[in-house]
file final-v1.cif (mmCIF, C-alpha atoms and all ligand atoms)
data_structure
loop_
_atom_site.label_atom_id
_atom_site.label_comp_id
_atom_site.auth_asym_id
_atom_site.auth_seq_id
_atom_site.Cartn_x
_atom_site.Cartn_y
_atom_site.Cartn_z
CA MET B 9 -20.82 7.94 -1.89
CA SER B 10 -19.63 5.97 1.07
CA LYS B 11 -15.96 5.81 1.84
CA LYS B 12 -16.12 2.05 1.65
CA LEU B 13 -16.57 2.15 -2.10
CA PHE B 14 -13.12 3.57 -2.52
CA LYS B 15 -11.41 1.24 -0.17
CA THR B 16 -8.68 -0.68 -1.97
CA LYS B 17 -5.87 -2.94 -0.88
CA THR B 18 -3.45 -0.09 -1.44
CA THR B 19 -1.78 0.74 1.84
CA SER B 20 -0.64 4.12 3.06
CA LYS B 21 2.62 5.71 1.95
CA LYS B 22 3.78 5.49 5.53
CA SER B 23 3.79 1.70 5.63
CA GLY B 24 5.61 1.55 2.30
CA LYS B 25 3.75 -1.60 1.29
CA LYS B 26 2.94 -2.23 -2.33
CA SER B 27 -0.57 -2.04 -3.70
CA SER B 28 -2.26 -5.24 -4.81
CA LYS B 29 -1.57 -4.46 -8.47
CA THR B 30 1.45 -2.35 -9.30
CA PRO B 31 2.11 -0.78 -12.72
CA SER B 32 4.92 -3.28 -13.15
CA GLN B 33 2.55 -6.22 -12.57
CA ALA B 34 0.11 -4.66 -15.02
CA ARG B 35 2.89 -4.48 -17.63
CA ASN B 36 3.60 -8.19 -17.13
CA ASP B 37 -0.10 -8.99 -17.35
CA ILE B 38 -0.33 -7.29 -20.75
CA LEU B 39 2.25 -9.61 -22.28
CA THR B 40 0.75 -12.65 -20.55
CA CYS B 41 -2.68 -11.75 -21.88
CA LEU B 42 -1.44 -11.31 -25.46
CA ASN B 43 0.53 -14.55 -25.28
CA GLU B 44 -2.49 -16.46 -24.05
CA ILE B 45 -4.46 -15.38 -27.10
CA ILE B 46 -1.98 -16.98 -29.50
CA ASP B 47 -0.69 -19.75 -27.24
CA PRO B 48 -3.60 -20.77 -25.03
CA PHE B 49 -3.75 -23.32 -22.25
CA THR B 50 -7.34 -24.46 -21.88
CA ASP B 51 -9.33 -26.02 -19.02
CA LYS B 52 -9.43 -29.21 -21.07
CA ASP B 53 -5.61 -29.14 -21.23
CA LYS B 54 -5.58 -28.74 -17.47
CA ASP B 55 -7.75 -31.85 -17.05
CA THR B 56 -5.43 -33.78 -19.36
CA VAL B 57 -2.38 -32.80 -17.28
CA TRP B 58 -4.10 -33.76 -14.00
CA ALA B 59 -5.08 -37.12 -15.45
CA HIS B 60 -1.66 -37.88 -16.91
CA PHE B 61 0.17 -37.15 -13.68
CA ASP B 62 -2.61 -38.88 -11.72
CA SER B 63 -2.81 -36.05 -9.16
CA HIS B 64 0.88 -36.36 -8.28
CA CYS B 65 3.53 -33.67 -8.49
CA ALA B 66 5.71 -34.35 -11.56
CA TYR B 67 8.81 -33.27 -9.64
CA CYS B 68 8.49 -34.70 -6.09
CA ASP B 69 5.67 -37.23 -6.63
CA ASP B 70 3.59 -35.92 -3.69
CA PHE B 71 -0.13 -36.49 -3.98
CA ILE B 72 -2.08 -33.29 -4.64
CA GLU B 73 -5.75 -32.97 -3.82
CA ARG B 74 -7.27 -31.11 -6.75
CA LYS B 75 -9.77 -29.30 -4.53
CA SER B 76 -6.95 -28.04 -2.31
CA ARG B 77 -5.82 -25.64 -5.05
CA ASN B 78 -2.24 -26.65 -4.30
CA GLY B 79 -1.72 -28.00 -7.82
CA HIS B 80 -0.08 -25.76 -10.40
CA MET B 81 0.42 -26.05 -14.13
CA ASP B 82 4.16 -25.45 -14.08
CA HIS B 83 6.11 -24.49 -17.20
CA LEU B 84 8.96 -26.99 -17.78
CA ILE B 85 10.81 -24.25 -19.64
CA SER B 86 9.93 -21.02 -17.89
CA LYS B 87 8.15 -18.14 -19.59
CA LYS B 88 11.23 -16.06 -18.85
CA ASP B 89 13.22 -18.48 -21.05
CA ASN B 90 10.59 -18.25 -23.79
CA GLY B 91 8.86 -21.47 -22.78
CA LEU B 92 5.48 -21.96 -24.39
CA ASN B 93 2.12 -22.02 -22.60
CA HIS B 94 1.28 -25.04 -24.73
CA ILE B 95 0.42 -28.30 -22.98
CA SER B 96 3.70 -29.86 -24.19
CA ASN B 97 5.51 -27.50 -21.81
CA ARG B 98 3.21 -27.98 -18.79
CA VAL B 99 3.31 -30.44 -15.91
CA LEU B 100 1.46 -30.78 -12.63
CA ALA B 101 3.46 -29.38 -9.70
CA CYS B 102 2.75 -29.02 -5.98
CA ASN B 103 2.88 -25.63 -4.27
CA ILE B 104 6.44 -26.09 -3.06
CA CYS B 105 7.95 -27.38 -6.31
CA ASN B 106 6.11 -24.74 -8.32
CA GLY B 107 7.65 -22.05 -6.11
CA ASP B 108 11.13 -23.57 -6.01
CA HIS B 109 11.33 -24.40 -9.72
CA LYS B 110 11.06 -20.73 -10.67
CA ARG B 111 14.46 -20.18 -9.13
CA ASP B 112 15.98 -23.08 -11.03
CA SER B 113 16.65 -23.40 -14.73
CA ALA B 114 16.68 -26.95 -16.11
CA TRP B 115 13.83 -29.15 -14.86
CA GLU B 116 15.96 -32.33 -15.08
CA ASP B 117 18.43 -30.82 -12.59
CA PHE B 118 15.60 -29.54 -10.45
CA ILE B 119 14.18 -33.06 -10.00
CA LEU B 120 17.53 -34.20 -8.54
CA THR B 121 17.04 -31.68 -5.72
CA ARG B 122 13.71 -33.29 -4.74
CA LYS B 123 13.21 -36.15 -2.31
CA GLY B 124 13.74 -39.77 -3.36
CA ASN B 125 16.69 -41.81 -4.60
CA SER B 126 18.27 -41.76 -8.04
CA LYS B 127 15.88 -44.47 -9.28
CA ASP B 128 12.89 -42.32 -8.25
CA HIS B 129 14.42 -39.32 -9.97
CA LYS B 130 15.06 -41.28 -13.16
CA GLU B 131 11.46 -42.53 -13.19
CA ARG B 132 10.09 -39.02 -12.79
CA ILE B 133 12.34 -37.67 -15.53
CA SER B 134 11.30 -40.40 -17.95
CA LYS B 135 7.63 -39.89 -17.07
CA ILE B 136 7.94 -36.21 -17.97
CA LYS B 137 9.86 -36.98 -21.16
CA GLY B 138 7.15 -39.49 -22.10
CA TRP B 139 4.51 -36.86 -21.47
CA VAL B 140 6.29 -34.23 -23.56
CA SER B 141 6.75 -36.68 -26.44
CA THR B 142 3.00 -37.42 -26.60
CA GLN B 143 2.17 -33.71 -26.76
CA THR B 144 4.91 -32.51 -29.07
CA LEU B 145 4.29 -29.91 -31.74
CA THR B 146 5.80 -30.13 -35.21
CA ASP B 147 8.79 -27.87 -35.97
CA GLU B 148 6.51 -25.82 -38.18
CA GLU B 149 4.00 -25.31 -35.35
CA VAL B 150 6.75 -24.38 -32.90
CA ASN B 151 8.20 -21.84 -35.32
CA LYS B 152 4.80 -20.32 -35.97
CA LEU B 153 4.14 -20.00 -32.23
CA LYS B 154 7.55 -18.46 -31.65
CA SER B 155 7.03 -15.90 -34.37
CA LEU B 156 3.56 -15.03 -33.05
CA ARG B 157 5.02 -14.67 -29.57
CA SER B 158 7.65 -12.25 -30.74
CA LYS B 159 4.87 -10.28 -32.46
CA ALA B 160 2.94 -10.29 -29.16
CA SER B 161 6.02 -9.06 -27.36
CA GLU B 162 6.35 -6.19 -29.86
CA LEU B 163 2.66 -5.28 -29.50
CA SER B 164 2.88 -5.37 -25.72
CA LYS B 165 5.62 -2.72 -25.86
CA ASP B 166 3.24 -0.42 -27.77
CA VAL B 167 0.48 -1.01 -25.24
CA ILE B 168 2.83 -0.54 -22.29
CA SER B 169 4.11 2.77 -23.60
CA VAL B 170 0.50 4.03 -23.82
CA LEU B 171 -0.20 2.65 -20.34
CA ASP B 172 2.87 4.42 -18.93
CA LYS B 173 1.80 7.74 -20.46
CA LYS B 174 -1.69 7.38 -18.99
CA ILE B 175 -0.26 6.48 -15.57
CA GLU B 176 1.83 9.66 -15.68
CA GLU B 177 -1.23 11.73 -16.67
CA LEU B 178 -3.18 10.24 -13.79
CA ARG B 179 -0.39 10.78 -11.27
CA LYS B 180 -0.23 14.46 -12.19
CA LEU B 181 -3.92 14.79 -11.29
CA LYS B 182 -3.38 13.52 -7.77
ZN ZN N 1 6.33 -31.26 -5.67
#
call {"tool": "encode", "arguments": {"input": "final-v1.cif", "output": "structure tokens", "more": "lines below"}}
Ligand SMILES: [Zn+2]
result
Amino acid sequence: MSKKLFKTKTTSKKSGKKSSKTPSQARNDILTCLNEIIDPFTDKDKDTVWAHFDSHCAYCDDFIERKSRNGHMDHLISKKDNGLNHISNRVLACNICNGDHKRDSAWEDFILTRKGNSKDHKERISKIKGWVSTQTLTDEEVNKLKSLRSKASELSKDVISVLDKKIEELRKLK
């Protein structure tokens, strides 16, 4: 077999760079994958978000060309803070806001850090609140999703412990 077949993005030990997919990213992907089964965000949802925000970033109001791939389906409440994937928790965000928002907690406060005056900020906040209110789940639906997500989190721990064992087995063969 040619050497090329085995060429991966993994760099040499010397350079110390990380491979394209580390075990820790794989662990995160497992939980994301399980969560998406019970709490999906569909392509149709994506179209609905683009249409509602009329191709403008919900946070800074910049126009985003859909083809540019600079538009992101940002989580208002982050996944880290147990925010749902559901459309009621998603808004259109530009590259920059999507990146910056991850370092911030409350989206209302985050908007105040974006360009524009206080009237602009207020308008954006009320637009998002209006959006969330049209997509809201009932308390019962929210509770069901939350309980399924905690089940998914439990299951992911089982899968990750198997993954870790297999990684160890494989490393010993090197
Ligand atoms: Zn933005």
call {"tool": "closest_atom_pairs", "arguments": {"input": "final-v1.cif", "of": "chain B", "to": "ligand ZN 1 (chain N)", "cutoff": "10 Å", "atoms": "all atoms listed in the file", "output": "tab-separated table"}}
result
residue	atom	partner	partner_atom	distance
B:His64	CA	N:ZN1	ZN	7.9
B:Cys65	CA	N:ZN1	ZN	4.6
B:Ala66	CA	N:ZN1	ZN	6.7
B:Tyr67	CA	N:ZN1	ZN	5.1
B:Cys68	CA	N:ZN1	ZN	4.1
B:Asp69	CA	N:ZN1	ZN	6.1
B:Asp70	CA	N:ZN1	ZN	5.8
B:Phe71	CA	N:ZN1	ZN	8.5
B:Ile72	CA	N:ZN1	ZN	8.7
B:Asn78	CA	N:ZN1	ZN	9.8
B:Gly79	CA	N:ZN1	ZN	8.9
B:His80	CA	N:ZN1	ZN	9.7
B:Leu100	CA	N:ZN1	ZN	8.5
B:Ala101	CA	N:ZN1	ZN	5.3
B:Cys102	CA	N:ZN1	ZN	4.2
B:Asn103	CA	N:ZN1	ZN	6.7
B:Ile104	CA	N:ZN1	ZN	5.8
B:Cys105	CA	N:ZN1	ZN	4.3
B:Asn106	CA	N:ZN1	ZN	7.0
B:Gly107	CA	N:ZN1	ZN	9.3
B:Asp108	CA	N:ZN1	ZN	9.1
B:His109	CA	N:ZN1	ZN	9.4
B:Ile119	CA	N:ZN1	ZN	9.1
B:Arg122	CA	N:ZN1	ZN	7.7
B:Lys123	CA	N:ZN1	ZN	9.1
call {"tool": "residues_around", "arguments": {"input": "final-v1.cif", "residues": "Glu162 of chain B", "least_positions_apart": "5", "cutoff": "12 Å", "atoms": "all atoms listed in the file", "output": "number ranges by chain"}}
result
B: 38-39, 42-43, 155-157, 167-169
call {"tool": "atom_distance", "arguments": {"input": "final-v1.cif", "atom1": "atom CA of Trp115 of chain B", "atom2": "atom CA of Leu84 of chain B"}}
result
6.1 Å
call {"tool": "axis_aligned_box", "arguments": {"input": "final-v1.cif", "around": "segment 112-126 of chain B", "padding_each_side": "3 Å", "output": "JSON"}}
result
{"center_x": 15.8, "center_y": -32.4, "center_z": -9.2, "size_x": 11.2, "size_y": 24.7, "size_z": 19.8}
call {"tool": "closest_residue", "arguments": {"input": "final-v1.cif", "among": "B:Arg179, B:Lys174, B:Lys154, B:Lys75", "to": "Asn90 of chain B", "atoms": "all atoms listed in the file"}}
result
B:Lys154
call {"tool": "atom_distance", "arguments": {"input": "final-v1.cif", "atom1": "atom CA of Glu149 of chain B", "atom2": "atom CA of Glu131 of chain B"}}
result
29.0 Å
call {"tool": "closest_residue", "arguments": {"input": "final-v1.cif", "among": "B:Lys52, B:Lys182, B:Lys110, B:His129", "to": "His83 of chain B", "atoms": "all atoms listed in the file"}}
result
B:Lys110
call {"tool": "closest_residue", "arguments": {"input": "final-v1.cif", "among": "B:His94, B:His60, B:Arg35, B:Arg74", "to": "Leu153 of chain B", "atoms": "all atoms listed in the file"}}
result
B:His94
call {"tool": "closest_residue", "arguments": {"input": "final-v1.cif", "among": "B:Lys173, B:Met81, B:Thr30, B:Ser134", "to": "Asp55 of chain B", "atoms": "all atoms listed in the file"}}
result
B:Met81
call {"tool": "build_atoms", "arguments": {"input": "final-v1.cif", "residues": "segment 113-134 of chain B", "atoms": "N, CA and C atoms", "output": "compact mmCIF listing (two decimals), keeping the file's coordinate frame"}}
result
# COMPACT_ATOMS: atom_id res chain seq x y z
N SER B 113 16.84 -23.46 -13.28
CA SER B 113 16.65 -23.40 -14.73
C SER B 113 16.17 -24.72 -15.34
N ALA B 114 17.06 -25.72 -15.42
CA ALA B 114 16.68 -26.95 -16.11
C ALA B 114 15.86 -27.87 -15.21
N TRP B 115 14.71 -28.34 -15.71
CA TRP B 115 13.83 -29.15 -14.86
C TRP B 115 14.45 -30.49 -14.51
N GLU B 116 15.31 -31.04 -15.38
CA GLU B 116 15.96 -32.33 -15.08
C GLU B 116 16.85 -32.19 -13.83
N ASP B 117 17.57 -31.07 -13.76
CA ASP B 117 18.43 -30.82 -12.59
C ASP B 117 17.59 -30.56 -11.35
N PHE B 118 16.48 -29.88 -11.57
CA PHE B 118 15.60 -29.54 -10.45
C PHE B 118 15.07 -30.81 -9.76
N ILE B 119 14.71 -31.81 -10.56
CA ILE B 119 14.18 -33.06 -10.00
C ILE B 119 15.20 -33.70 -9.05
N LEU B 120 16.48 -33.61 -9.38
CA LEU B 120 17.53 -34.20 -8.54
C LEU B 120 17.59 -33.56 -7.14
N THR B 121 17.04 -32.35 -7.02
CA THR B 121 17.04 -31.68 -5.72
C THR B 121 15.83 -32.10 -4.87
N ARG B 122 14.92 -32.87 -5.46
CA ARG B 122 13.71 -33.29 -4.74
C ARG B 122 13.96 -34.59 -3.99
N LYS B 123 13.02 -34.92 -3.10
CA LYS B 123 13.21 -36.15 -2.31
C LYS B 123 13.20 -37.40 -3.21
N GLY B 124 13.69 -38.50 -2.61
CA GLY B 124 13.74 -39.77 -3.36
C GLY B 124 15.16 -40.13 -3.75
N ASN B 125 15.34 -41.38 -4.18
CA ASN B 125 16.69 -41.81 -4.60
C ASN B 125 16.83 -41.64 -6.12
N SER B 126 18.01 -42.03 -6.62
CA SER B 126 18.27 -41.76 -8.04
C SER B 126 17.31 -42.55 -8.95
N LYS B 127 16.84 -43.70 -8.48
CA LYS B 127 15.88 -44.47 -9.28
C LYS B 127 14.55 -43.69 -9.38
N ASP B 128 14.12 -43.13 -8.25
CA ASP B 128 12.89 -42.32 -8.25
C ASP B 128 13.04 -41.14 -9.21
N HIS B 129 14.19 -40.48 -9.12
CA HIS B 129 14.42 -39.32 -9.97
C HIS B 129 14.37 -39.70 -11.44
N LYS B 130 15.04 -40.82 -11.76
CA LYS B 130 15.06 -41.28 -13.16
C LYS B 130 13.65 -41.56 -13.66
N GLU B 131 12.84 -42.21 -12.80
CA GLU B 131 11.46 -42.53 -13.19
C GLU B 131 10.66 -41.27 -13.47
N ARG B 132 10.84 -40.27 -12.60
CA ARG B 132 10.09 -39.02 -12.79
C ARG B 132 10.52 -38.31 -14.08
N ILE B 133 11.83 -38.33 -14.31
CA ILE B 133 12.34 -37.67 -15.53
C ILE B 133 11.79 -38.38 -16.77
N SER B 134 11.78 -39.72 -16.74
CA SER B 134 11.30 -40.40 -17.95
C SER B 134 9.78 -40.25 -18.10
